[in-house]
There are 2 protein chains.
Amino acid sequence: MKIRYAQITVEPGKPQINFLACQKAAQKAKQDGINLLILPEMAIPGYLIGDRFEEDDFIEDCEFFSEELSKEATEDFSLIFGTVMFFESLSKQPRTGTDGRKVKLNTAWIATKQGIFHKVKTLLPNYREFEEPRHFKDNLWVKTNMKDWEMFRSYNINGVSLGVLICEDGWDEDYELKPFERTSQEGAQLLINISYSPFTAGKNQARNRKFSNHAKKLSKPVIYVNGLGLQNNGKTIFCFDGSSAAWNSKGELIAHSKMYTEVSADFEFLNKELFALEPLDYQETTEIQDIHKTLIYGIRNYMRQSFLQKVVIGASGGVDSTLAAALYAEAIGKENLLLVNMPTKFNSKTTISIAEKLAKNLGCWYTSVPVSESAELTLRQINHLKPTNYLGENIEINLSAFNMENVQARDRGSRILAAISSAWGGVFTNNGNKTETTVGYATLYGDIAGFLAAIGDLWKHTVYDLCRYINEKNQKEIVPTEVLTLKPSAELSENQAVDKGLGDPIIYPYHDRLFEAFQQWWQRPSLAEILQHYLDKDLAKFLNHNQETELTEELIRNNFPDAKSFITDLEKWYKLFKGMGVAKRIQAPPIIAVTRRAYGFDFRESAIGAYFSRKYLMLKEKTLQQNS
Amino acid sequence: MKIRYAQITVEPGKPQINFLACQKAAQKAKQDGINLLILPEMAIPGYLIGDRFEEDDFIEDCEFFSEELSKEATEDFSLIFGTVMFFESLSKQPRTGTDGRKVKLNTAWIATKQGIFHKVKTLLPNYREFEEPRHFKDNLWVKTNMKDWEMFRSYNINGVSLGVLICEDGWDEDYELKPFERTSQEGAQLLINISYSPFTAGKNQARNRKFSNHAKKLSKPVIYVNGLGLQNNGKTIFCFDGSSAAWNSKGELIAHSKMYTEVSADFEFLNKELFALEPLDYQETTEIQDIHKTLIYGIRNYMRQSFLQKVVIGASGGVDSTLAAALYAEAIGKENLLLVNMPTKFNSKTTISIAEKLAKNLGCWYTSVPVSESAELTLRQINHLKPTNYLGENIEINLSAFNMENVQARDRGSRILAAISSAWGGVFTNNGNKTETTVGYATLYGDIAGFLAAIGDLWKHTVYDLCRYINEKNQKEIVPTEVLTLKPSAELSENQAVDKGLGDPIIYPYHDRLFEAFQQWWQRPSLAEILQHYLDKDLAKFLNHNQETELTEELIRNNFPDAKSFITDLEKWYKLFKGMGVAKRIQAPPIIAVTRRAYGFDFRESAIGAYFSRKYLMLKEKTLQQNS
């Protein structure tokens, strides 16, 4: 039997477009003499479509197009694809769920000439951005509610028993049910996992280990197909990278498709073994390469889906806006990119010349609009303003130097960039990185504004890594090298003068790792653990989390020679992370997710401030008493 | 046995504060000779705290304070309260869930001198803003994983068998398990439901019917206690209104506590019947009264939780900012409120004088800052701007009249209001209503900016109703009456001149009801249904949804005399609702929820545009063919 998987693009909430893409793949497969085509999970409806799953006419259309697609099956050709369906379409019994709406299922359809068979997803993820139990019931629920339902049956196609699994069904460590084992036990000869799983740095390596193990342990070949596409949950944008793969019954990798590429791979199933019909063409990529590809894919497709072409970037000459400009230039073309430098009186010649050089390196549009005149107007209009009440009493409004920093930041975003981009028929960007985003080190309606936060899930160290990678990859200077050694600074006051080596209050090599522990580790350490490691003098090792970084124990000691200074800094940032940071993130633009915990829908936050546990407070008290 | 419920305030994520409030209630109850005190669900941790439930040291503290609170039990005094706990604390077996973290439970603790008994919540809601299965396992799961666990056992206190249920356990229509019935069958004499349930317009009436029915059907008295408080999910803010109540075994209401008030009610349980020790003091309130109370409570407590005192409102003289000003004045005091009128050259004397009068009526601070000078500066700086590329080519930026409308809107929000409020040490507000919010009829970083969208869940008709109610309640003119008859308008161009009767493109009596059907009905109608009702000439009746409104079939016919004009309008707004509306909501401030579907966490949206179903497209095609 000749088998193909096709790594197609799935458009969220567009069943007709997805049907056509699937149909095209099916017709091509038939021409090529393929007997079985395998397509991704949720290939008809898309996956991250929010509460659109509540709309019955949408589900009805998904069923309609799934039926249509199933008609492609012939004597010699079957296909497997993922889609949504009502439980009642399976059971012929009307049934509502705990939200009072019709019960829906995440299913694989096995479409053959003999009829359509349905497999229901067994494991429904309910963490990170996932919330499948909000919309679907699982395989076990169907078993409980439908007589004679076989949860782990196989499907005979061309004399081969196929076990069909859906995405999370293969990631079974933390679940009681083990769908791969059960399906194998019940007679499957070939295990097929259809997925629609977003990119997360490092995940494909874990995936390769996991699925190779399934194959080896069960002595059965495994095919894993994952779709492409860009889907979002409003606040968080996910890139689905494909990277489909297959393993033979020894667990050896026999196929591995390129990320973000519409490709397919062909196999022969013979004597209980799976053979790839093309030689394996797979080189492990680095995390930075993967992140770079993801961001380019994300920007390009978010623009496409939003019917946008042109982008304006406020180019400060700092590393974040520089990286953003380099990424957009690659993703959408230099002719669609306009850099605007907006100097205040505090901006150095250094950064202005970096911004100019960047535009030259990219070959994009460039202009400069100063913000001083507007800042003066605001000062003139608002400073010493005397609102009155109806009794004739006055209060006086006085703008502090700090207020004026924010006035300038907002002037750049909400006045200049917003006006230029709308006049040019485009949008402007948010260039914040994850470090700033964590602690809200940015101005609402100022640098927080923008249609998309493309690098909002990158820690500052990754911003630098990516800049260096872009220069290496292009074998020339795209990112002006000066920016890589410049002190990061907002340049909004004398205290942030880069030429004097002044700048941000964040000690990036340390705080990057600290904030990562606060937010991104799967098992986030408590503040008490962090303080204990400081006291034990192994905090650098702990925060480095088995990676090699710039962070050393010496760096920590130099900055925080005593526990008191360490605690003051720790609590200051933790409060910002849980306080002002949350308030600002609520109104921040969508972020392209690349890590295992992106802000937004992936990391659900209430604006309720920081919590210091009893354990932490007791350790802190003990520490400060001993040290005083 | 003397029983008391206490409708206490629960602070989200603040176990120590909550413990102290519970302890105080317990000590008071003991002084008063009470034998059993009943406190709300999740009284120790709070409820809407997002992924803070993933933090083990937080859960440990909740368990610690729950143990401490349980120590208040004596020979004569027991208490029941809701809290979170690890499954392993119940079973002594370590156990992780499908997210790899320790399994947690939403529990009621029945604390007696003989020991602490634990009841686990049976029904975990997973719709609207709720997502309990993300964090907790349910009673049935515990039964499956713990030998001898009795799901519906009663607890004997002073010789009375108490059945203990938790919130959703009482709302069992859509669930297979019926916890009230099962608990009653297994011997409970008195049914106690501890809740932490947010305000939704009309819900208490439904709740009263539901719980009265439980009592009547089972012939057993029911006590329902609900907590107070303000909790949020980032984008959406929920007010927990209390309104605790009790019914005797005939289903008669015997106690009903006031909304948003820290009160308790005492009962005697005697001969299988429950008697209130105070006479019933309950008057049904109107929806507008409830909404008014909720918004005042919401504003006041969101300010308090955010450590904010002062508020600046851009007062345009329109009905939305007028209502906002009236609400804030009541919630935080006129001395903390500053109204700023920001006229452009398009603003009428009419609206300016309304804004002045409003400030006078409220007795708050008032000032005026015109935006024309800044608009001119922007025009001078940006219009005809010629960005260049490194080859020396030029493009030219031209600001259209429409671009300038948005320039002015952003100038008001991001320049003037932001600067004034930060200089005054306060914040400024978003005054958008739900109608505008639905279709994104507002400017990002302009009128969409602000720390809180207090009236963002009110349709335009409710905005008017609330204005009228405020004047009635105060028996004087708070809201200048002129505003109630003025044509709603953004006043950003000649085409929006209110004195000429020009203004918004929204036909409020119709579009309010249409948008409500798009978004807020529990079973949202499809566009095909809406079009069919238009064709059947009963759309007004359909959209009125059993309410009396201003919408008549005639109004619809006058505005849309033929199907083509109707369809054009329908699709235009639907596309905005699903397109630009979503994009703007992603960056909009948090909304105080009052309806059964508020934007944000309660209504999960992906930015994926509008979907027109096959059914709709076929009906549309048929209609247009027949009419052409």
# chains A, B, ... in the order shown; residues from 1 in each chain; ligands from 1
>>> interface_residues(of="chain B", to="chain A", cutoff="6 Å", atoms="only C-alpha atoms", output="VMD selection string")
chain B and resid 49 to 51 98 100 126 134 174 to 175 232 to 234 360 363 to 367 387 to 390 397 to 399 423 to 424 445 587 to 589 604 to 607
>>> select_by_dssp(residues="region 281-374 of chain B", states="helix (DSSP H, G or I)", output="ChimeraX atom specification")
/B:287-305,319-332,334-336,349-362,372-374
>>> select_by_dssp(residues="region 288-495 of chain B", states="strand (DSSP E or B)", output="ChimeraX atom specification")
/B:310-314,337-341,365-368,385,388,394,397,426-428,430,453
>>> residues_around(residues="region 216-224 of chain B", least_positions_apart="4", cutoff="7 Å", atoms="only C-alpha atoms", output="number ranges by chain")
B: 184, 189-194, 212, 244-251, 273-274
>>> residues_around(residues="region 257-272 of chain A", least_positions_apart="3", cutoff="9 Å", atoms="only C-alpha atoms", output="PyMOL selection string")
chain A and resi 1-9+34+160+189-190+220-221+227-229+239-245+249+275-278+281-282+290+293-294+297
>>> residues_around(residues="Asn336 (chain B)", least_positions_apart="5", cutoff="9 Å", atoms="only C-alpha atoms", output="PDB file with all heavy atoms, in the first residue's frame")
ATOM      1  N   GLN B 309      -7.156  56.626  43.107  1.00  0.00           N
ATOM      2  CA  GLN B 309      -8.128  57.513  43.743  1.00  0.00           C
ATOM      3  C   GLN B 309      -8.796  58.452  42.754  1.00  0.00           C
ATOM      4  O   GLN B 309      -9.974  58.729  42.859  1.00  0.00           O
ATOM      5  CB  GLN B 309      -7.414  58.370  44.790  1.00  0.00           C
ATOM      6  CG  GLN B 309      -7.578  57.859  46.210  1.00  0.00           C
ATOM      7  CD  GLN B 309      -7.336  58.969  47.197  1.00  0.00           C
ATOM      8  OE1 GLN B 309      -6.319  59.659  47.114  1.00  0.00           O
ATOM      9  NE2 GLN B 309      -8.272  59.158  48.116  1.00  0.00           N
ATOM     10  N   LYS B 310      -7.983  58.975  41.815  1.00  0.00           N
ATOM     11  CA  LYS B 310      -8.479  60.061  40.974  1.00  0.00           C
ATOM     12  C   LYS B 310      -8.705  59.630  39.537  1.00  0.00           C
ATOM     13  O   LYS B 310      -7.926  58.850  38.984  1.00  0.00           O
ATOM     14  CB  LYS B 310      -7.453  61.200  40.974  1.00  0.00           C
ATOM     15  CG  LYS B 310      -7.295  61.877  42.312  1.00  0.00           C
ATOM     16  CD  LYS B 310      -6.182  62.904  42.195  1.00  0.00           C
ATOM     17  CE  LYS B 310      -5.797  63.501  43.531  1.00  0.00           C
ATOM     18  NZ  LYS B 310      -4.515  64.228  43.393  1.00  0.00           N
ATOM     19  N   VAL B 311      -9.714  60.208  38.963  1.00  0.00           N
ATOM     20  CA  VAL B 311     -10.094  59.827  37.607  1.00  0.00           C
ATOM     21  C   VAL B 311     -10.346  61.066  36.747  1.00  0.00           C
ATOM     22  O   VAL B 311     -10.985  62.020  37.185  1.00  0.00           O
ATOM     23  CB  VAL B 311     -11.356  58.935  37.643  1.00  0.00           C
ATOM     24  CG1 VAL B 311     -12.097  58.953  36.324  1.00  0.00           C
ATOM     25  CG2 VAL B 311     -10.973  57.510  38.010  1.00  0.00           C
ATOM     26  N   VAL B 312      -9.826  61.012  35.523  1.00  0.00           N
ATOM     27  CA  VAL B 312     -10.067  62.069  34.541  1.00  0.00           C
ATOM     28  C   VAL B 312     -10.961  61.497  33.442  1.00  0.00           C
ATOM     29  O   VAL B 312     -10.709  60.393  32.952  1.00  0.00           O
ATOM     30  CB  VAL B 312      -8.736  62.558  33.929  1.00  0.00           C
ATOM     31  CG1 VAL B 312      -8.985  63.599  32.843  1.00  0.00           C
ATOM     32  CG2 VAL B 312      -7.822  63.111  35.014  1.00  0.00           C
ATOM     33  N   TYR B 328     -18.887  57.581  38.023  1.00  0.00           N
ATOM     34  CA  TYR B 328     -17.639  57.760  38.777  1.00  0.00           C
ATOM     35  C   TYR B 328     -17.840  58.740  39.934  1.00  0.00           C
ATOM     36  O   TYR B 328     -17.300  58.534  41.024  1.00  0.00           O
ATOM     37  CB  TYR B 328     -16.508  58.239  37.860  1.00  0.00           C
ATOM     38  CG  TYR B 328     -15.850  57.112  37.089  1.00  0.00           C
ATOM     39  CD1 TYR B 328     -16.297  56.738  35.829  1.00  0.00           C
ATOM     40  CD2 TYR B 328     -14.777  56.404  37.630  1.00  0.00           C
ATOM     41  CE1 TYR B 328     -15.700  55.701  35.118  1.00  0.00           C
ATOM     42  CE2 TYR B 328     -14.166  55.366  36.935  1.00  0.00           C
ATOM     43  CZ  TYR B 328     -14.633  55.017  35.679  1.00  0.00           C
ATOM     44  OH  TYR B 328     -14.040  53.990  34.996  1.00  0.00           O
ATOM     45  N   ALA B 329     -18.602  59.810  39.679  1.00  0.00           N
ATOM     46  CA  ALA B 329     -18.819  60.781  40.758  1.00  0.00           C
ATOM     47  C   ALA B 329     -19.444  60.082  41.956  1.00  0.00           C
ATOM     48  O   ALA B 329     -19.030  60.289  43.097  1.00  0.00           O
ATOM     49  CB  ALA B 329     -19.707  61.915  40.271  1.00  0.00           C
ATOM     50  N   CYS B 364     -17.922  68.486  40.324  1.00  0.00           N
ATOM     51  CA  CYS B 364     -16.549  67.979  40.205  1.00  0.00           C
ATOM     52  C   CYS B 364     -15.662  69.022  39.517  1.00  0.00           C
ATOM     53  O   CYS B 364     -16.086  70.119  39.208  1.00  0.00           O
ATOM     54  CB  CYS B 364     -16.558  66.678  39.425  1.00  0.00           C
ATOM     55  SG  CYS B 364     -17.091  66.898  37.723  1.00  0.00           S
ATOM     56  N   TRP B 365     -14.422  68.664  39.267  1.00  0.00           N
ATOM     57  CA  TRP B 365     -13.480  69.552  38.583  1.00  0.00           C
ATOM     58  C   TRP B 365     -13.757  69.544  37.089  1.00  0.00           C
ATOM     59  O   TRP B 365     -14.172  68.536  36.531  1.00  0.00           O
ATOM     60  CB  TRP B 365     -12.040  69.114  38.852  1.00  0.00           C
ATOM     61  CG  TRP B 365     -11.716  69.086  40.311  1.00  0.00           C
ATOM     62  CD1 TRP B 365     -11.650  67.978  41.105  1.00  0.00           C
ATOM     63  CD2 TRP B 365     -11.451  70.200  41.147  1.00  0.00           C
ATOM     64  NE1 TRP B 365     -11.364  68.343  42.394  1.00  0.00           N
ATOM     65  CE2 TRP B 365     -11.226  69.710  42.454  1.00  0.00           C
ATOM     66  CE3 TRP B 365     -11.384  71.590  40.935  1.00  0.00           C
ATOM     67  CZ2 TRP B 365     -10.939  70.535  43.532  1.00  0.00           C
ATOM     68  CZ3 TRP B 365     -11.082  72.409  42.014  1.00  0.00           C
ATOM     69  CH2 TRP B 365     -10.869  71.887  43.296  1.00  0.00           C
ATOM     70  N   GLY B 426      -3.635  60.338  38.622  1.00  0.00           N
ATOM     71  CA  GLY B 426      -4.823  59.509  38.446  1.00  0.00           C
ATOM     72  C   GLY B 426      -4.771  58.729  37.156  1.00  0.00           C
ATOM     73  O   GLY B 426      -3.704  58.494  36.594  1.00  0.00           O
TER      74      GLY B 426
END
>>> residues_around(residues="Tyr510 (chain B)", least_positions_apart="2", cutoff="8 Å", atoms="only C-alpha atoms", output="list in words")
Ile507, Tyr508, Asp512, Arg513, Leu514, Leu551, Leu555 and Ile556 of chain B
>>> write_last_selection(atoms="C-alpha atoms", output="compact mmCIF listing (two decimals), in the first residue's frame")
# COMPACT_ATOMS: atom_id res chain seq x y z
CA ILE B 507 -29.39 53.18 13.96
CA TYR B 508 -29.45 52.39 17.66
CA ASP B 512 -28.58 47.51 19.41
CA ARG B 513 -30.95 44.55 19.07
CA LEU B 514 -29.18 43.13 16.05
CA LEU B 551 -37.78 48.48 17.56
CA LEU B 555 -38.55 51.10 11.59
CA ILE B 556 -36.74 48.24 9.89
>>> closest_residue(among="A:Asn627, A:Ser321, A:Asn347, A:Gln205", to="Gln283 (chain A)", atoms="only C-alpha atoms")
A:Gln205
>>> atom_distance(atom1="CA of Tyr196 (chain A)", atom2="CA of Pro40 (chain A)")
6.1 Å
